[in-house]
>>> print(open('upload17.txt').read())   # compact mmCIF, C-alpha atoms
# COMPACT_ATOMS: atom_id res chain seq x y z
CA MET A 1 5.13 177.64 136.33
CA ILE A 2 8.54 176.60 135.00
CA ALA A 3 9.52 180.29 134.96
CA MET A 4 8.86 180.39 138.71
CA MET A 5 11.50 177.69 139.09
CA PHE A 6 14.05 179.73 137.19
CA ASN A 7 13.44 182.98 139.15
CA ASP A 8 13.71 181.18 142.51
CA THR A 9 10.07 181.74 143.43
CA CYS A 10 9.83 177.96 143.90
CA ASN A 11 12.40 175.27 144.52
CA VAL A 12 10.00 172.40 143.82
CA ILE A 13 7.25 172.35 141.18
CA GLY A 14 4.78 169.82 139.82
CA VAL A 15 4.45 170.02 136.05
CA GLU A 16 2.89 168.01 133.27
CA GLU A 17 5.29 165.60 131.63
CA PHE A 18 4.81 166.91 128.10
CA SER A 19 5.63 170.48 129.20
CA ILE A 20 9.20 169.36 130.04
CA PHE A 21 9.96 167.84 126.62
CA ASP A 22 12.32 169.94 124.47
CA SER A 23 12.28 172.74 127.04
CA GLU A 24 15.10 174.60 128.78
CA LEU A 25 14.18 172.68 131.93
CA GLU A 26 14.81 169.33 130.21
CA LYS A 27 18.30 170.51 129.21
CA LEU A 28 19.03 171.50 132.81
CA ILE A 29 17.74 168.15 134.08
CA LYS A 30 20.05 166.33 131.66
CA SER A 31 22.98 168.49 132.78
CA GLY A 32 22.34 167.59 136.40
CA GLU A 33 21.42 171.09 137.58
CA TYR A 34 17.86 169.98 138.31
CA VAL A 35 16.49 166.56 139.29
CA LEU A 36 13.28 165.05 137.93
CA GLY A 37 11.33 163.12 140.52
CA ASN A 38 10.59 159.46 139.86
CA LYS A 39 7.03 159.49 141.16
CA SER A 40 3.96 160.60 139.23
CA LEU A 41 1.67 162.84 141.23
CA THR A 42 -1.34 162.22 138.99
CA LYS A 43 -2.25 160.09 135.98
CA GLU A 44 -4.97 162.01 134.19
CA PRO A 45 -6.53 160.28 131.16
CA LEU A 46 -7.16 162.77 128.34
CA SER A 47 -9.88 162.08 125.82
CA ALA A 48 -12.24 163.71 123.34
CA VAL A 49 -15.67 164.68 124.68
CA THR A 50 -19.00 164.69 122.85
CA ARG A 51 -22.63 165.17 123.81
CA ASN A 52 -24.17 162.07 125.28
CA GLU A 53 -27.39 161.83 123.29
CA ASP A 54 -25.81 161.15 119.88
CA ARG A 55 -24.36 157.65 120.22
CA GLU A 56 -23.39 157.44 116.55
CA TRP A 57 -21.25 160.58 116.73
CA SER A 58 -19.61 159.52 120.02
CA ASP A 59 -18.73 156.18 118.45
CA ILE A 60 -17.18 157.89 115.40
CA VAL A 61 -14.92 160.00 117.64
CA THR A 62 -13.86 156.95 119.66
CA TRP A 63 -13.19 154.74 116.63
CA ALA A 64 -11.05 157.43 114.99
CA ILE A 65 -8.79 157.29 118.06
CA ARG A 66 -8.85 153.50 118.20
CA ALA A 67 -7.80 153.39 114.54
CA LEU A 68 -4.50 155.06 115.48
CA ILE A 69 -3.78 152.45 118.14
CA GLN A 70 -4.79 149.63 115.81
CA GLY A 71 -2.60 151.18 113.12
CA GLU A 72 0.48 151.05 115.33
CA MET A 73 -0.32 147.47 116.37
CA ASN A 74 -0.51 146.37 112.72
CA GLY A 75 2.32 148.43 111.26
CA LEU A 76 0.17 150.97 109.38
CA MET A 77 1.93 154.33 109.14
CA ARG A 78 1.46 157.81 107.74
CA ASN A 79 1.57 157.55 103.97
CA PRO A 80 0.78 160.65 101.87
CA GLN A 81 0.39 158.48 98.76
CA LEU A 82 -2.53 156.65 100.39
CA CYS A 83 -4.03 159.80 101.89
CA ASN A 84 -7.01 160.66 99.69
CA ASN A 85 -7.22 164.27 100.89
CA ASP A 86 -10.85 164.26 99.77
CA THR A 87 -13.46 166.83 100.77
CA ILE A 88 -16.52 164.55 100.60
CA LEU A 89 -18.15 163.78 103.94
CA GLU A 90 -19.74 160.33 103.99
CA SER A 91 -23.22 160.59 105.54
CA ASN A 92 -23.26 156.90 106.54
CA SER A 93 -21.03 156.36 109.57
CA THR A 94 -20.49 152.68 108.70
CA ARG A 95 -18.74 153.74 105.48
CA LEU A 96 -16.19 156.06 107.06
CA ASN A 97 -12.63 155.07 106.23
CA TYR A 98 -10.71 155.21 109.49
CA ASP A 99 -7.51 154.11 107.73
CA GLN A 100 -7.39 157.66 106.39
CA SER A 101 -6.79 158.89 109.94
CA VAL A 102 -3.55 156.88 109.97
CA TYR A 103 -2.47 157.49 106.36
CA CYS A 104 -3.01 161.26 106.59
CA VAL A 105 -1.95 162.04 110.18
CA GLY A 106 -0.06 158.98 111.43
CA ASN A 107 -0.52 156.09 113.84
CA TYR A 108 -0.51 156.58 117.61
CA GLY A 109 3.24 156.17 118.01
CA GLU A 110 4.06 158.46 115.09
CA ILE A 111 1.89 161.24 116.50
CA PHE A 112 3.40 160.85 119.94
CA ASN A 113 7.00 160.79 118.73
CA ARG A 114 6.45 163.68 116.33
CA ARG A 115 5.17 165.89 119.11
CA PHE A 116 7.23 164.74 122.08
CA GLY A 117 10.31 163.14 120.53
CA GLU A 118 11.63 159.60 120.34
CA ASN A 119 11.90 157.48 123.51
CA LYS A 120 9.66 159.83 125.53
CA ARG A 121 6.71 157.47 126.03
CA SER A 122 5.92 156.25 129.51
CA SER A 123 4.60 152.73 130.03
CA MET A 124 1.05 154.09 130.25
CA ASN A 125 1.24 155.51 126.74
CA THR A 126 2.70 152.47 124.99
CA ILE A 127 0.70 149.85 123.11
CA ASN A 128 -0.45 147.02 125.39
CA LYS A 129 0.82 143.74 123.93
CA GLY A 130 -0.27 141.48 126.74
CA SER A 131 0.82 143.17 129.95
CA PRO A 132 -1.95 144.01 132.42
CA MET A 133 -3.27 147.56 132.49
CA ILE A 134 -6.24 148.36 134.70
CA TYR A 135 -6.39 152.02 135.60
CA SER A 136 -9.03 153.70 137.75
CA THR A 137 -10.66 156.75 136.22
CA PRO A 138 -10.68 159.70 138.66
CA LEU A 139 -13.97 161.00 140.02
CA GLY A 140 -14.43 164.73 140.37
CA ASP A 141 -16.24 167.91 139.42
CA ILE A 142 -15.21 169.26 136.02
CA PHE A 143 -17.38 172.31 136.51
CA GLY A 144 -15.74 173.75 139.61
CA THR A 145 -18.17 175.85 141.64
CA ASN A 146 -20.33 177.05 138.76
CA ASN A 147 -22.91 174.38 137.98
CA ASP A 148 -25.69 176.68 136.81
CA PHE A 149 -25.84 175.73 133.15
CA GLN A 150 -27.78 172.71 131.97
CA VAL A 151 -26.95 170.42 129.09
CA MET A 152 -29.27 171.09 126.16
CA ASP A 153 -32.13 168.60 126.32
CA GLU A 154 -33.11 168.59 122.65
CA MET A 155 -31.06 166.46 120.27
CA ILE A 156 -29.39 168.00 117.25
CA ASP A 157 -31.75 167.25 114.37
CA GLY A 158 -30.35 164.29 112.45
CA GLY A 159 -27.28 164.04 114.68
CA VAL A 160 -23.89 165.74 114.66
CA LEU A 161 -22.70 163.91 111.54
CA LYS A 162 -25.55 165.42 109.53
CA LEU A 163 -24.85 168.83 111.10
CA VAL A 164 -21.20 168.72 110.04
CA LYS A 165 -22.18 167.64 106.52
CA SER A 166 -24.72 170.46 106.17
CA ARG A 167 -22.37 173.13 107.50
CA LYS A 168 -21.10 175.64 104.96
CA GLY A 169 -17.66 174.62 103.81
CA ASP A 170 -17.93 171.07 105.23
CA VAL A 171 -15.75 171.57 108.27
CA LEU A 172 -15.39 170.03 111.72
CA ARG A 173 -15.52 172.44 114.65
CA CYS A 174 -13.17 171.07 117.26
CA GLY A 175 -12.53 172.53 120.70
CA VAL A 176 -9.07 172.09 122.22
CA VAL A 177 -8.19 172.44 125.90
CA VAL A 178 -5.29 174.81 126.56
CA SER A 179 -2.90 173.82 129.33
CA PHE A 180 0.00 175.88 130.74
CA ASP A 181 -0.78 178.76 128.35
CA ASP A 182 -0.16 176.52 125.35
CA VAL A 183 -2.36 174.31 123.21
CA ASN A 184 -2.04 170.59 123.89
CA ILE A 185 -0.54 169.75 120.52
CA THR A 186 -1.57 166.10 120.72
CA SER A 187 -5.20 167.25 120.96
CA VAL A 188 -4.77 169.33 117.81
CA ASP A 189 -3.54 166.16 116.08
CA TYR A 190 -6.60 164.22 117.20
CA CYS A 191 -8.89 166.86 115.76
CA HIS A 192 -7.05 166.35 112.45
CA VAL A 193 -7.44 162.58 112.90
CA LEU A 194 -11.20 162.91 113.28
CA ALA A 195 -11.41 165.20 110.25
CA ALA A 196 -9.44 162.71 108.15
CA ALA A 197 -11.91 159.95 109.04
CA LEU A 198 -14.93 162.18 108.35
CA PHE A 199 -13.77 163.76 105.11
CA ASN A 200 -12.04 160.73 103.58
CA GLY A 201 -8.56 162.10 104.11
CA ASP A 202 -9.05 165.86 104.30
CA PHE A 203 -7.41 166.28 107.71
CA GLU A 204 -7.25 170.06 107.33
CA ALA A 205 -11.05 170.43 107.32
CA VAL A 206 -11.07 171.69 110.93
CA GLU A 207 -11.91 174.94 112.67
CA PHE A 208 -10.29 175.18 116.12
CA LEU A 209 -11.63 176.88 119.21
CA THR A 210 -9.41 176.93 122.30
CA PHE A 211 -10.54 176.83 125.91
CA ARG A 212 -8.77 177.13 129.25
CA GLU A 213 -8.47 174.00 131.35
CA ASN A 214 -11.39 173.57 133.80
CA ASP A 215 -13.32 176.30 131.97
CA ASP A 216 -17.11 175.87 131.99
CA ILE A 217 -17.34 177.64 128.63
CA ALA A 218 -15.80 174.63 126.86
CA TYR A 219 -18.58 172.33 128.04
CA GLU A 220 -21.24 174.96 127.45
CA SER A 221 -20.01 175.29 123.86
CA LEU A 222 -20.24 171.53 123.43
CA SER A 223 -23.69 171.46 125.02
CA HIS A 224 -25.08 174.09 122.67
CA GLY A 225 -23.54 172.71 119.47
CA ILE A 226 -20.97 175.49 119.00
CA ILE A 227 -18.28 172.80 118.80
CA ASP A 228 -18.73 169.21 117.64
CA ALA A 229 -16.13 167.65 119.95
CA LEU A 230 -13.76 168.78 122.68
CA ALA A 231 -10.24 167.33 122.70
CA GLY A 232 -7.85 167.27 125.64
CA ALA A 233 -10.38 166.99 128.47
CA VAL A 234 -9.75 164.85 131.55
CA VAL A 235 -12.10 161.85 131.72
CA ASN A 236 -14.57 162.52 134.49
CA PHE A 237 -17.31 160.48 136.16
CA GLU A 238 -19.68 163.36 136.87
CA GLY A 239 -19.42 164.71 133.34
CA ASP A 240 -20.31 161.29 131.93
CA VAL A 241 -23.07 160.19 134.31
CA ASP A 242 -24.65 163.43 135.54
CA ARG A 243 -23.93 166.14 132.97
CA GLY A 244 -24.68 164.40 129.70
CA PHE A 245 -21.27 164.04 128.08
CA SER A 246 -19.55 161.03 126.55
CA TYR A 247 -15.79 160.45 126.77
CA SER A 248 -13.81 158.64 124.11
CA THR A 249 -11.14 156.04 124.71
CA PRO A 250 -8.30 157.93 126.47
CA TYR A 251 -5.52 158.79 124.03
CA TYR A 252 -2.95 160.10 126.49
CA TYR A 253 -2.25 159.57 130.18
CA ARG A 254 -0.86 162.85 131.45
CA ASP A 255 1.71 162.55 134.23
CA LYS A 256 2.46 165.37 136.60
CA GLU A 257 6.01 164.92 137.79
CA SER A 258 7.87 166.66 140.61
CA SER A 259 11.00 168.57 139.60
CA VAL A 260 13.57 169.83 142.12
>>> encode(input="upload17.txt", output="C-alpha cells")
Amino acid sequence: MIAMMFNDTCNVIGVEEFSIFDSELEKLIKSGEYVLGNKSLTKEPLSAVTRNEDREWSDIVTWAIRALIQGEMNGLMRNPQLCNNDTILESNSTRLNYDQSVYCVGNYGEIFNRRFGENKRSSMNTINKGSPMIYSTPLGDIFGTNNDFQVMDEMIDGGVLKLVKSRKGDVLRCGVVVSFDDVNITSVDYCHVLAAALFNGDFEAVEFLTFRENDDIAYESLSHGIIDALAGAVVNFEGDVDRGFSYSTPYYYRDKESSV
C-alpha cells in the first residue's frame, strides 16, 4: 500500500503504525514531504488465540504475555546469564517458570523497542501506572463470508500441554498472522516468549506457520490441532463466544493512521 503512495496511485492512505517505523515513508514524513495524520482510524487489539476447551493451555498463553508486562513493571530485563535455555518441558503448568520468558526474550518494553525503535510507543502500548484505560473490544466476523467449518468438538486428549510434550522434538507449533505481506515481528517474539515459558528457557523450540490476515485457514488449523496457538489475531467477540476460541490478554494495540 505504501508503494501506491509513492507511484501516485493514492494521495492519502491508511496504514498500520508499525509498518511506518524505519521505512522510507517515515524518512519522508520527518523531512516534511509527507504528513502523518494525528487521528487513529482504528485501535485493533492483537492477541494470541487458542482453542476454547482447554482452559489450562489458554491460561498458560495468557500468563506468558502477562509475565512480560509484569517484568517491565518490576525492572526485570533480558538476561542471557539467567536464561536456562533448557529443553525440558514441564508437564505441570503450575511449575512453569514464566521469568524465563523475560530473561530469554525480554520484557514488554524491550521487545517493543527492539522491533520498533526507541520512543515509538503510543499511550495505548505503555505500561499503565495508574492512569485510566478502558477500551472497548470490537465486535465483528473474523471468518468473512465463509462460515462453513465447525470447531472440532472433541478435546485434545490430555490437553495441548501434553500434546506439545509428546510431540517429536518437543516443539511448539505457533501460527503467526501476516500483515502487509510481512510477518508481524512482535507476534514472532511472543511465540518465542511462550516457548521460553514452556521449555524452561529454550525460546527457539518453535515451528512457525504463517497465515494471511482474515484467512479462515488460520482458525481451521487451530481448530484441528495443526497449530497450538495463533499469534497476531485481532480480538473478536464472535470468535470467543460463538466459534470456540479463547483470546489472550492483548499485547499490542495496532493503530491505523492516515498519511498524506
>>> closest_residue(input="upload17.txt", among="A:Val105, A:Val160, A:Val188, A:Val176", to="A:Gly225", atoms="only C-alpha atoms")
A:Val160
>>> closest_residue(input="upload17.txt", among="A:Ser123, A:Ser91, A:Ser31, A:Ser246", to="A:Asp54", atoms="only C-alpha atoms")
A:Ser246
>>> atom_distance(input="upload17.txt", atom1="atom CA of A:Val234", atom2="atom CA of A:Ser221")
16.5 Å
>>> closest_residue(input="upload17.txt", among="A:Asn128, A:Ser93, A:Ser166, A:Asn236", to="A:Trp63", atoms="only C-alpha atoms")
A:Ser93
>>> residues_around(input="upload17.txt", residues="A:Asn119", least_positions_apart="6", cutoff="12 Å", atoms="all atoms listed in the file", output="list in words")
Phe21, Gly109, Glu110, Phe112, Asn113, Asn125 and Thr126 of chain A
>>> closest_residue(input="upload17.txt", among="A:Tyr34, A:Arg243, A:Ala196, A:Val177", to="A:Leu46", atoms="all atoms listed in the file")
A:Val177
>>> atom_distance(input="upload17.txt", atom1="atom CA of A:Ala48", atom2="atom CA of A:Val193")
11.5 Å
